[in-house]
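Structure file target-v4.pdb; described as PDB, C-alpha atoms, pLDDT in the B column.
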ATOM      1  CA  MET A  27       0.000   0.000   0.000  1.00 52.00           C
ATOM      2  CA  VAL A  28       1.204   3.519  -0.810  1.00 81.00           C
ATOM      3  CA  PHE A  29      -0.004   7.019   0.026  1.00 80.00           C
ATOM      4  CA  ALA A  30      -2.293   7.120  -3.019  1.00 78.00           C
ATOM      5  CA  ASP A  31      -3.998   3.948  -1.773  1.00 78.00           C
ATOM      6  CA  ILE A  32      -4.713   5.601   1.573  1.00 77.00           C
ATOM      7  CA  LEU A  33      -6.424   8.503  -0.186  1.00 74.00           C
ATOM      8  CA  ASP A  34      -8.395   6.131  -2.438  1.00 71.00           C
ATOM      9  CA  ARG A  35      -9.522   3.965   0.483  1.00 69.00           C
ATOM     10  CA  ALA A  36     -10.704   7.054   2.355  1.00 64.00           C
ATOM     11  CA  ASP A  37     -12.879   7.940  -0.653  1.00 63.00           C
ATOM     12  CA  SER A  38     -14.433   4.463  -0.654  1.00 61.00           C
ATOM     13  CA  ARG A  39     -15.442   4.791   3.021  1.00 67.00           C
ATOM     14  CA  ARG A  40     -17.095   8.186   2.732  1.00 72.00           C
ATOM     15  CA  ARG A  41     -20.393   8.521   4.575  1.00 81.00           C
ATOM     16  CA  ARG A  42     -23.427  10.341   3.234  1.00 87.00           C
ATOM     17  CA  LEU A  43     -25.561  12.942   4.974  1.00 91.00           C
ATOM     18  CA  VAL A  44     -28.997  12.466   3.420  1.00 95.00           C
ATOM     19  CA  PHE A  45     -31.865  14.904   3.944  1.00 97.00           C
ATOM     20  CA  TYR A  46     -35.271  13.274   3.409  1.00 97.00           C
ATOM     21  CA  ASN A  47     -38.611  14.806   2.523  1.00 96.00           C
ATOM     22  CA  VAL A  48     -37.432  18.402   2.870  1.00 95.00           C
ATOM     23  CA  GLU A  49     -39.607  21.346   1.843  1.00 88.00           C
ATOM     24  CA  ASP A  50     -37.536  24.214   3.267  1.00 84.00           C
ATOM     25  CA  ARG A  51     -33.743  23.946   2.915  1.00 88.00           C
ATOM     26  CA  LYS A  52     -32.934  26.825   5.283  1.00 86.00           C
ATOM     27  CA  ARG A  53     -32.363  24.503   8.243  1.00 88.00           C
ATOM     28  CA  THR A  54     -30.482  21.955   6.141  1.00 92.00           C
ATOM     29  CA  GLU A  55     -28.008  24.616   5.037  1.00 89.00           C
ATOM     30  CA  ALA A  56     -27.345  25.527   8.670  1.00 86.00           C
ATOM     31  CA  ILE A  57     -26.661  21.849   9.451  1.00 89.00           C
ATOM     32  CA  ILE A  58     -24.290  21.562   6.507  1.00 88.00           C
ATOM     33  CA  ASP A  59     -22.418  24.683   7.667  1.00 83.00           C
ATOM     34  CA  TYR A  60     -22.106  23.286  11.187  1.00 79.00           C
ATOM     35  CA  ILE A  61     -20.765  19.952   9.991  1.00 78.00           C
ATOM     36  CA  GLY A  62     -18.166  21.882   8.020  1.00 68.00           C
ATOM     37  CA  VAL A  63     -15.321  19.862   6.536  1.00 56.00           C
ATOM     38  CA  HIS A  64     -16.496  16.451   7.738  1.00 67.00           C
ATOM     39  CA  ASP A  65     -15.803  14.290   4.728  1.00 67.00           C
ATOM     40  CA  VAL A  66     -19.412  13.412   3.935  1.00 81.00           C
ATOM     41  CA  ILE A  67     -21.396  13.490   0.721  1.00 84.00           C
ATOM     42  CA  ILE A  68     -24.520  15.681   0.894  1.00 91.00           C
ATOM     43  CA  GLU A  69     -27.701  14.304  -0.678  1.00 93.00           C
ATOM     44  CA  TYR A  70     -31.412  15.120  -0.783  1.00 96.00           C
ATOM     45  CA  SER A  71     -34.032  12.419  -1.266  1.00 95.00           C
ATOM     46  CA  THR A  72     -37.731  11.620  -0.997  1.00 96.00           C
ATOM     47  CA  ASP A  73     -38.795   8.450   0.814  1.00 95.00           C
ATOM     48  CA  GLU A  74     -42.376   7.912   1.982  1.00 92.00           C
ATOM     49  CA  ARG A  75     -41.205   5.337   4.518  1.00 93.00           C
ATOM     50  CA  LEU A  76     -39.376   8.039   6.491  1.00 94.00           C
ATOM     51  CA  PRO A  77     -40.756  10.986   8.484  1.00 93.00           C
ATOM     52  CA  PRO A  78     -40.934  14.406   6.845  1.00 93.00           C
ATOM     53  CA  SER A  79     -37.965  16.710   7.357  1.00 95.00           C
ATOM     54  CA  SER A  80     -35.461  14.110   8.588  1.00 96.00           C
ATOM     55  CA  VAL A  81     -31.742  13.629   8.160  1.00 96.00           C
ATOM     56  CA  ALA A  82     -29.707  10.435   8.120  1.00 95.00           C
ATOM     57  CA  VAL A  83     -26.076   9.406   8.111  1.00 91.00           C
ATOM     58  CA  ARG A  84     -25.607   6.519   5.705  1.00 90.00           C
ATOM     59  CA  GLN A  85     -22.699   4.351   4.644  1.00 82.00           C
ATOM     60  CA  GLY A  86     -23.385   2.109   1.688  1.00 81.00           C
ATOM     61  CA  ASN A  87     -26.857   0.649   2.223  1.00 87.00           C
ATOM     62  CA  GLU A  88     -26.708   1.054   6.012  1.00 89.00           C
ATOM     63  CA  THR A  89     -28.369   3.848   7.983  1.00 93.00           C
ATOM     64  CA  LEU A  90     -26.106   4.782  10.902  1.00 90.00           C
ATOM     65  CA  ALA A  91     -28.309   7.526  12.375  1.00 92.00           C
ATOM     66  CA  LEU A  92     -31.657   9.178  11.736  1.00 96.00           C
ATOM     67  CA  ASP A  93     -32.818  12.451  13.300  1.00 96.00           C
ATOM     68  CA  ASP A  94     -35.450  15.125  12.932  1.00 96.00           C
ATOM     69  CA  ILE A  95     -33.997  18.154  11.129  1.00 95.00           C
ATOM     70  CA  GLU A  96     -35.664  20.628  13.491  1.00 94.00           C
ATOM     71  CA  ALA A  97     -34.176  18.824  16.513  1.00 93.00           C
ATOM     72  CA  VAL A  98     -30.705  18.933  14.960  1.00 93.00           C
ATOM     73  CA  SER A  99     -31.118  22.613  14.111  1.00 92.00           C
ATOM     74  CA  THR A 100     -32.218  23.375  17.688  1.00 91.00           C
ATOM     75  CA  TYR A 101     -29.178  21.560  19.070  1.00 87.00           C
ATOM     76  CA  ILE A 102     -26.847  23.555  16.817  1.00 85.00           C
ATOM     77  CA  THR A 103     -28.453  26.818  17.937  1.00 87.00           C
ATOM     78  CA  ALA A 104     -28.002  25.766  21.572  1.00 84.00           C
ATOM     79  CA  TRP A 105     -24.361  24.897  20.932  1.00 77.00           C
ATOM     80  CA  GLU A 106     -23.731  28.318  19.416  1.00 74.00           C
ATOM     81  CA  ALA A 107     -25.375  29.927  22.456  1.00 75.00           C
ATOM     82  CA  GLY A 108     -23.303  27.836  24.878  1.00 66.00           C
ATOM     83  CA  VAL A 109     -26.273  26.002  26.417  1.00 71.00           C
ATOM     84  CA  VAL A 110     -25.895  22.699  24.607  1.00 64.00           C
ATOM     85  CA  SER A 111     -25.912  20.747  27.904  1.00 65.00           C
ATOM     86  CA  ASP A 112     -29.639  21.415  28.139  1.00 72.00           C
ATOM     87  CA  TYR A 113     -30.314  19.341  25.012  1.00 79.00           C
ATOM     88  CA  GLU A 114     -29.858  15.728  24.024  1.00 84.00           C
ATOM     89  CA  GLN A 115     -27.250  15.287  21.315  1.00 82.00           C
ATOM     90  CA  PRO A 116     -28.729  14.049  18.018  1.00 89.00           C
ATOM     91  CA  THR A 117     -27.520  10.613  16.982  1.00 89.00           C
ATOM     92  CA  LEU A 118     -25.994  11.867  13.729  1.00 86.00           C
ATOM     93  CA  PHE A 119     -23.106  13.536  15.591  1.00 78.00           C
ATOM     94  CA  ALA A 120     -22.023  10.245  17.136  1.00 74.00           C
ATOM     95  CA  ALA A 121     -22.236   8.645  13.688  1.00 79.00           C
ATOM     96  CA  LEU A 122     -19.865  11.305  12.362  1.00 74.00           C
ATOM     97  CA  ASP A 123     -17.291  10.915  15.145  1.00 60.00           C
ATOM     98  CA  GLU A 124     -15.170   8.524  13.084  1.00 57.00           C
ATOM     99  CA  THR A 125     -15.434  10.252   9.752  1.00 59.00           C
ATOM    100  CA  THR A 126     -12.522  11.931   8.096  1.00 64.00           C
ATOM    101  CA  PHE A 127     -12.297  15.667   7.469  1.00 64.00           C
ATOM    102  CA  ARG A 128     -11.527  16.779   3.922  1.00 68.00           C
ATOM    103  CA  SER A 129     -10.178  20.092   2.711  1.00 69.00           C
ATOM    104  CA  SER A 130      -8.463  21.727  -0.251  1.00 73.00           C
ATOM    105  CA  ASN A 131      -7.618  24.753   1.895  1.00 73.00           C
ATOM    106  CA  LYS A 132      -3.932  24.691   2.831  1.00 79.00           C
ATOM    107  CA  ARG A 133      -4.513  26.821   5.941  1.00 78.00           C
ATOM    108  CA  GLN A 134      -7.048  24.292   7.268  1.00 74.00           C
ATOM    109  CA  LEU A 135      -4.591  21.472   6.624  1.00 81.00           C
ATOM    110  CA  VAL A 136      -1.816  23.358   8.439  1.00 82.00           C
ATOM    111  CA  LEU A 137      -4.101  23.932  11.433  1.00 75.00           C
ATOM    112  CA  ALA A 138      -5.086  20.259  11.438  1.00 78.00           C
ATOM    113  CA  SER A 139      -1.429  19.203  11.433  1.00 85.00           C
ATOM    114  CA  ARG A 140      -0.809  21.508  14.419  1.00 83.00           C
ATOM    115  CA  LEU A 141      -3.704  19.907  16.290  1.00 78.00           C
ATOM    116  CA  ILE A 142      -2.265  16.456  15.655  1.00 84.00           C
ATOM    117  CA  GLU A 143       1.141  17.557  16.932  1.00 85.00           C
ATOM    118  CA  THR A 144      -0.529  19.038  20.007  1.00 79.00           C
ATOM    119  CA  ARG A 145      -2.075  15.642  20.743  1.00 79.00           C
ATOM    120  CA  ALA A 146       1.446  14.298  21.229  1.00 81.00           C
ATOM    121  CA  THR A 147       2.011  16.890  23.936  1.00 79.00           C
ATOM    122  CA  THR A 148      -1.237  15.897  25.651  1.00 77.00           C
ATOM    123  CA  ALA A 149      -0.694  12.140  25.445  1.00 79.00           C
ATOM    124  CA  GLY A 150       2.871  12.253  26.692  1.00 75.00           C
ATOM    125  CA  ASP A 151       4.065   9.159  24.841  1.00 84.00           C
ATOM    126  CA  GLY A 152       3.829   7.509  21.443  1.00 89.00           C
ATOM    127  CA  ARG A 153       5.154   8.127  17.941  1.00 93.00           C
ATOM    128  CA  LEU A 154       4.888  11.375  15.998  1.00 95.00           C
ATOM    129  CA  SER A 155       5.902  11.185  12.337  1.00 95.00           C
ATOM    130  CA  ALA A 156       5.741  13.779   9.589  1.00 95.00           C
ATOM    131  CA  GLY A 157       6.494  13.936   5.889  1.00 93.00           C
ATOM    132  CA  PHE A 158       7.671  17.462   5.049  1.00 89.00           C
ATOM    133  CA  GLN A 159       8.459  16.932   1.345  1.00 86.00           C
ATOM    134  CA  ARG A 160      11.810  18.686   2.021  1.00 90.00           C
ATOM    135  CA  LEU A 161      13.750  18.359   5.269  1.00 94.00           C
ATOM    136  CA  SER A 162      14.505  22.083   5.303  1.00 94.00           C
ATOM    137  CA  LEU A 163      10.844  22.626   6.206  1.00 91.00           C
ATOM    138  CA  VAL A 164      11.505  20.840   9.499  1.00 93.00           C
ATOM    139  CA  GLU A 165      13.837  23.543  10.830  1.00 93.00           C
ATOM    140  CA  PRO A 166      11.068  25.933  12.023  1.00 90.00           C
ATOM    141  CA  GLN A 167       9.614  23.012  14.036  1.00 89.00           C
ATOM    142  CA  LEU A 168      12.748  22.277  16.040  1.00 91.00           C
ATOM    143  CA  ALA A 169      11.677  24.383  19.026  1.00 88.00           C
ATOM    144  CA  PHE A 170       8.321  22.600  19.204  1.00 87.00           C
ATOM    145  CA  TYR A 171       9.894  19.134  18.965  1.00 90.00           C
ATOM    146  CA  SER A 172      12.368  20.070  21.695  1.00 90.00           C
ATOM    147  CA  GLN A 173       9.466  20.731  24.086  1.00 87.00           C
ATOM    148  CA  LEU A 174       7.906  17.297  23.619  1.00 87.00           C
ATOM    149  CA  PRO A 175       8.301  14.664  26.356  1.00 86.00           C
ATOM    150  CA  GLU A 176      11.324  12.405  25.836  1.00 86.00           C
ATOM    151  CA  SER A 177       8.963   9.444  25.583  1.00 88.00           C
ATOM    152  CA  ILE A 178       7.635  10.799  22.262  1.00 91.00           C
ATOM    153  CA  ARG A 179       9.619   9.366  19.365  1.00 93.00           C
ATOM    154  CA  VAL A 180       9.733  11.922  16.536  1.00 95.00           C
ATOM    155  CA  THR A 181      10.605  10.901  12.982  1.00 96.00           C
ATOM    156  CA  VAL A 182      10.600  13.248   9.985  1.00 96.00           C
ATOM    157  CA  TYR A 183      10.921  12.500   6.289  1.00 95.00           C
ATOM    158  CA  GLY A 184      11.773  14.508   3.203  1.00 93.00           C
ATOM    159  CA  GLU A 185      14.227  15.230   0.440  1.00 92.00           C
ATOM    160  CA  ALA A 186      17.644  15.795   2.012  1.00 93.00           C
ATOM    161  CA  ASP A 187      18.128  19.504   1.333  1.00 94.00           C
ATOM    162  CA  TRP A 188      19.005  20.139   5.007  1.00 95.00           C
ATOM    163  CA  THR A 189      20.666  18.172   7.794  1.00 95.00           C
ATOM    164  CA  PRO A 190      19.325  18.447  11.355  1.00 93.00           C
ATOM    165  CA  PRO A 191      21.892  19.367  14.040  1.00 93.00           C
ATOM    166  CA  ALA A 192      23.247  16.492  16.105  1.00 92.00           C
ATOM    167  CA  GLU A 193      21.227  17.555  19.169  1.00 91.00           C
ATOM    168  CA  ALA A 194      17.925  17.674  17.256  1.00 92.00           C
ATOM    169  CA  PRO A 195      15.215  15.734  19.146  1.00 92.00           C
ATOM    170  CA  MET A 196      14.245  13.616  16.160  1.00 94.00           C
ATOM    171  CA  GLU A 197      15.288  11.069  13.581  1.00 96.00           C
ATOM    172  CA  ALA A 198      15.405  12.326   9.983  1.00 96.00           C
ATOM    173  CA  TYR A 199      15.056  10.168   6.890  1.00 96.00           C
ATOM    174  CA  THR A 200      15.128  10.710   3.137  1.00 94.00           C
ATOM    175  CA  PRO A 201      13.747   8.414   0.400  1.00 89.00           C
ATOM    176  CA  THR A 202      16.219   6.080  -1.308  1.00 87.00           C
ATOM    177  CA  VAL A 203      14.091   4.699  -4.138  1.00 80.00           C
ATOM    178  CA  ALA A 204      10.887   6.531  -4.979  1.00 72.00           C
ATOM    179  CA  SER A 205      10.226  10.121  -3.966  1.00 66.00           C
ATOM    180  CA  HIS A 206       7.025  10.883  -2.085  1.00 74.00           C
ATOM    181  CA  ALA A 207       7.526  14.612  -2.440  1.00 73.00           C
ATOM    182  CA  ASP A 208       3.986  15.106  -3.731  1.00 81.00           C
ATOM    183  CA  TYR A 209       2.567  14.106  -0.341  1.00 87.00           C
ATOM    184  CA  TRP A 210       2.453  15.892   2.994  1.00 89.00           C
ATOM    185  CA  TRP A 211       1.470  13.898   6.055  1.00 92.00           C
ATOM    186  CA  VAL A 212       1.484  13.897   9.847  1.00 93.00           C
ATOM    187  CA  LEU A 213       0.488  11.062  12.135  1.00 93.00           C
ATOM    188  CA  PHE A 214       0.493  10.398  15.839  1.00 93.00           C
ATOM    189  CA  ASP A 215      -0.179   7.025  17.386  1.00 89.00           C
ATOM    190  CA  GLY A 216      -0.075   7.063  21.142  1.00 75.00           C
ATOM    191  CA  THR A 217       0.840   3.873  22.942  1.00 64.00           C
ATOM    192  CA  ASP A 218      -0.878   4.225  26.310  1.00 57.00           C
ATOM    193  CA  HIS A 219      -3.374   6.716  24.875  1.00 54.00           C
ATOM    194  CA  ALA A 220      -4.876   5.020  21.826  1.00 56.00           C
ATOM    195  CA  GLY A 221      -7.726   7.540  21.825  1.00 66.00           C
ATOM    196  CA  GLN A 222      -5.209  10.172  20.750  1.00 77.00           C
ATOM    197  CA  HIS A 223      -4.578   8.520  17.357  1.00 84.00           C
ATOM    198  CA  ALA A 224      -4.746  11.057  14.529  1.00 87.00           C
ATOM    199  CA  ALA A 225      -3.398  11.490  11.017  1.00 89.00           C
ATOM    200  CA  LEU A 226      -3.364  13.891   8.095  1.00 89.00           C
ATOM    201  CA  ILE A 227      -2.398  13.196   4.509  1.00 89.00           C
ATOM    202  CA  ALA A 228      -2.572  15.562   1.553  1.00 88.00           C
ATOM    203  CA  LYS A 229      -1.388  15.512  -2.045  1.00 87.00           C
ATOM    204  CA  GLU A 230       0.097  18.548  -3.746  1.00 85.00           C
ATOM    205  CA  ASN A 231      -1.811  18.864  -7.012  1.00 82.00           C
ATOM    206  CA  SER A 232       0.072  21.988  -8.114  1.00 84.00           C
ATOM    207  CA  PRO A 233       2.600  24.237  -6.341  1.00 83.00           C
ATOM    208  CA  GLY A 234       1.070  25.216  -3.004  1.00 78.00           C
ATOM    209  CA  GLU A 235      -2.314  23.609  -3.806  1.00 81.00           C
ATOM    210  CA  TYR A 236      -3.229  20.548  -1.738  1.00 81.00           C
ATOM    211  CA  THR A 237      -6.184  18.219  -1.376  1.00 80.00           C
ATOM    212  CA  GLY A 238      -6.353  15.867   1.564  1.00 81.00           C
ATOM    213  CA  PHE A 239      -8.007  14.754   4.768  1.00 82.00           C
ATOM    214  CA  TRP A 240      -7.358  14.296   8.436  1.00 81.00           C
ATOM    215  CA  THR A 241      -8.883  11.672  10.677  1.00 81.00           C
ATOM    216  CA  TYR A 242      -9.061  10.304  14.211  1.00 79.00           C
ATOM    217  CA  ARG A 243     -10.060   6.837  12.963  1.00 78.00           C
ATOM    218  CA  GLN A 244      -7.542   4.386  14.408  1.00 81.00           C
ATOM    219  CA  SER A 245      -7.734   1.960  11.473  1.00 81.00           C
ATOM    220  CA  VAL A 246      -6.736   4.701   9.007  1.00 84.00           C
ATOM    221  CA  VAL A 247      -3.905   5.872  11.272  1.00 87.00           C
ATOM    222  CA  GLU A 248      -2.626   2.288  11.467  1.00 88.00           C
ATOM    223  CA  GLU A 249      -2.780   1.960   7.665  1.00 88.00           C
ATOM    224  CA  LEU A 250      -0.744   5.121   7.268  1.00 90.00           C
ATOM    225  CA  ARG A 251       1.726   3.940   9.907  1.00 91.00           C
ATOM    226  CA  GLY A 252       2.229   0.740   7.933  1.00 91.00           C
ATOM    227  CA  VAL A 253       3.013   2.755   4.793  1.00 90.00           C
ATOM    228  CA  VAL A 254       5.460   5.028   6.630  1.00 91.00           C
ATOM    229  CA  ASP A 255       7.282   2.169   8.375  1.00 92.00           C
ATOM    230  CA  SER A 256       7.804   0.404   5.043  1.00 91.00           C
ATOM    231  CA  LEU A 257       9.191   3.429   3.153  1.00 90.00           C
ATOM    232  CA  PRO A 258      12.591   2.815   1.528  1.00 91.00           C
ATOM    233  CA  VAL A 259      14.648   5.479   3.308  1.00 93.00           C
ATOM    234  CA  ARG A 260      18.084   6.232   4.698  1.00 94.00           C
ATOM    235  CA  ARG A 261      18.900   8.034   7.927  1.00 95.00           C
ATOM    236  CA  VAL A 262      20.128  11.627   7.635  1.00 96.00           C
ATOM    237  CA  THR A 263      22.547  12.630  10.408  1.00 93.00           C
ATOM    238  CA  ALA A 264      24.894  15.513  11.112  1.00 85.00           C
ATOM    239  CA  GLY A 265      27.864  13.249  10.413  1.00 71.00           C
ATOM    240  CA  ASP A 266      26.832  12.615   6.803  1.00 70.00           C
TER     241      ASP A 266
END
Would you encode the structure as structure tokens?
Amino acid sequence: MVFADILDRADSRRRRLVFYNVEDRKRTEAIIDYIGVHDVIIEYSTDERLPPSSVAVRQGNETLALDDIEAVSTYITAWEAGVVSDYEQPTLFAALDETTFRSSNKRQLVLASRLIETRATTAGDGRLSAGFQRLSLVEPQLAFYSQLPESIRVTVYGEADWTPPAEAPMEAYTPTVASHADYWWVLFDGTDHAGQHAALIAKENSPGEYTGFWTYRQSVVEELRGVVDSLPVRRVTAGD
């Protein structure tokens, strides 16, 4: 499996947010805005077997959650007002907990990568790995990596256009066979804190333009870890 396979497999697992028997789309648009960059496909449908004005999360032929649109809209309004504890959470939010988040906005992807790195600080142990395309892009991160607990193993990957100093709190690697310079990725898999698993992968379609996703789904993180651990690389050290 390679990085492209990870992206393709994520596409095949995409869930659908389906609005049924809707007459007024004002509330549905508010729900879509709230869900934001959750990697779901938006659909509208008519089905006499279902209540009017309802919304479902579906994957394949399976319905994972079904809620009343008005109830979901009320919950969102309460969340925005800071009184969400007074309302029962609609089932669709739990069904979306394990979805991926997709974006073509580089700023969103950068923020997501920062959140994943922050998880390493919170967990206190585990493995943090990042593909920077070029190792010179690692240099601005040295201060952050230096602040991580010693129990966090940091590995970075990229074309060897820079060599980390000997005291750098990381292991640096560069590809030896095939270049993966089109891909940017970050993953953290905690050992004692499996709930902190997270990963991001994006492909550079043109200079500075990326499309990718980030996820907290452990199975996807483990797939990406398998790809990273099998990369044909060589260690880059200050003595090279």
To test your reading of the syntax: which residues would the PyMOL selection byres ((chain A and resi 225-236) around 9) return for the file shown? Reply as a PyMOL selection string. chain A and resi 29-30+32-33+129-132+135+138-139+142+207-215+223-224+237-244+246-247+250
Could you dump the residues just selected with C-alpha atoms as an mmCIF file, in the coordinates of the input?
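Resulting contents of again-v8.cif:
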data_model
loop_
_atom_site.group_PDB
_atom_site.id
_atom_site.type_symbol
_atom_site.label_atom_id
_atom_site.label_comp_id
_atom_site.auth_asym_id
_atom_site.auth_seq_id
_atom_site.Cartn_x
_atom_site.Cartn_y
_atom_site.Cartn_z
ATOM 1 C CA PHE A 29 -0.004 7.019 0.026
ATOM 2 C CA ALA A 30 -2.293 7.120 -3.019
ATOM 3 C CA ILE A 32 -4.713 5.601 1.573
ATOM 4 C CA LEU A 33 -6.424 8.503 -0.186
ATOM 5 C CA SER A 129 -10.178 20.092 2.711
ATOM 6 C CA SER A 130 -8.463 21.727 -0.251
ATOM 7 C CA ASN A 131 -7.618 24.753 1.895
ATOM 8 C CA LYS A 132 -3.932 24.691 2.831
ATOM 9 C CA LEU A 135 -4.591 21.472 6.624
ATOM 10 C CA ALA A 138 -5.086 20.259 11.438
ATOM 11 C CA SER A 139 -1.429 19.203 11.433
ATOM 12 C CA ILE A 142 -2.265 16.456 15.655
ATOM 13 C CA ALA A 207 7.526 14.612 -2.440
ATOM 14 C CA ASP A 208 3.986 15.106 -3.731
ATOM 15 C CA TYR A 209 2.567 14.106 -0.341
ATOM 16 C CA TRP A 210 2.453 15.892 2.994
ATOM 17 C CA TRP A 211 1.470 13.898 6.055
ATOM 18 C CA VAL A 212 1.484 13.897 9.847
ATOM 19 C CA LEU A 213 0.488 11.062 12.135
ATOM 20 C CA PHE A 214 0.493 10.398 15.839
ATOM 21 C CA ASP A 215 -0.179 7.025 17.386
ATOM 22 C CA HIS A 223 -4.578 8.520 17.357
ATOM 23 C CA ALA A 224 -4.746 11.057 14.529
ATOM 24 C CA THR A 237 -6.184 18.219 -1.376
ATOM 25 C CA GLY A 238 -6.353 15.867 1.564
ATOM 26 C CA PHE A 239 -8.007 14.754 4.768
ATOM 27 C CA TRP A 240 -7.358 14.296 8.436
ATOM 28 C CA THR A 241 -8.883 11.672 10.677
ATOM 29 C CA TYR A 242 -9.061 10.304 14.211
ATOM 30 C CA ARG A 243 -10.060 6.837 12.963
ATOM 31 C CA GLN A 244 -7.542 4.386 14.408
ATOM 32 C CA VAL A 246 -6.736 4.701 9.007
ATOM 33 C CA VAL A 247 -3.905 5.872 11.272
ATOM 34 C CA LEU A 250 -0.744 5.121 7.268
#
Rank nothing, just name the residue among A:Pro116, A:Pro78, A:Gly265, A:Gly216 nearest to A:Ala192, using all atoms listed in the file. A:Gly265
I'd like the residues picked by the PyMOL selection byres ((chain A and resi 120) around 12) written out as an mmCIF file with C-alpha atoms, in the frame of the given file, using the chain letters and numbers from the file.
data_model
loop_
_atom_site.group_PDB
_atom_site.id
_atom_site.type_symbol
_atom_site.label_atom_id
_atom_site.label_comp_id
_atom_site.auth_asym_id
_atom_site.auth_seq_id
_atom_site.Cartn_x
_atom_site.Cartn_y
_atom_site.Cartn_z
ATOM 1 C CA ALA A 82 -29.707 10.435 8.120
ATOM 2 C CA VAL A 83 -26.076 9.406 8.111
ATOM 3 C CA LEU A 90 -26.106 4.782 10.902
ATOM 4 C CA ALA A 91 -28.309 7.526 12.375
ATOM 5 C CA LEU A 92 -31.657 9.178 11.736
ATOM 6 C CA ASP A 93 -32.818 12.451 13.300
ATOM 7 C CA GLU A 114 -29.858 15.728 24.024
ATOM 8 C CA GLN A 115 -27.250 15.287 21.315
ATOM 9 C CA PRO A 116 -28.729 14.049 18.018
ATOM 10 C CA THR A 117 -27.520 10.613 16.982
ATOM 11 C CA LEU A 118 -25.994 11.867 13.729
ATOM 12 C CA PHE A 119 -23.106 13.536 15.591
ATOM 13 C CA ALA A 121 -22.236 8.645 13.688
ATOM 14 C CA LEU A 122 -19.865 11.305 12.362
ATOM 15 C CA ASP A 123 -17.291 10.915 15.145
ATOM 16 C CA GLU A 124 -15.170 8.524 13.084
ATOM 17 C CA THR A 125 -15.434 10.252 9.752
#
The PyMOL selection byres ((chain A and resi 98-109) around 9) on the file shown: which residues, as a list in words? Arg53, Thr54, Ala56, Ile57, Tyr60, Val81, Asp93, Asp94, Ile95, Glu96, Ala97, Val110, Ser111, Asp112, Tyr113, Glu114, Gln115, Pro116 and Leu118 of chain A
Enclosing box along x, y and z for every listed atom of stretch 241-254 of chain A, padded 3 Å each side, centre and size in Å, one decimal, as JSON:
{"center_x": -2.3, "center_y": 6.2, "center_z": 9.6, "size_x": 21.5, "size_y": 16.9, "size_z": 15.6}
Can you tell me, as a PyMOL selection string, which residues sit within 9 Å of (14.1, 16.1, 23.4) in the file's frame, using only C-alpha atoms? chain A and resi 171-178+193-196
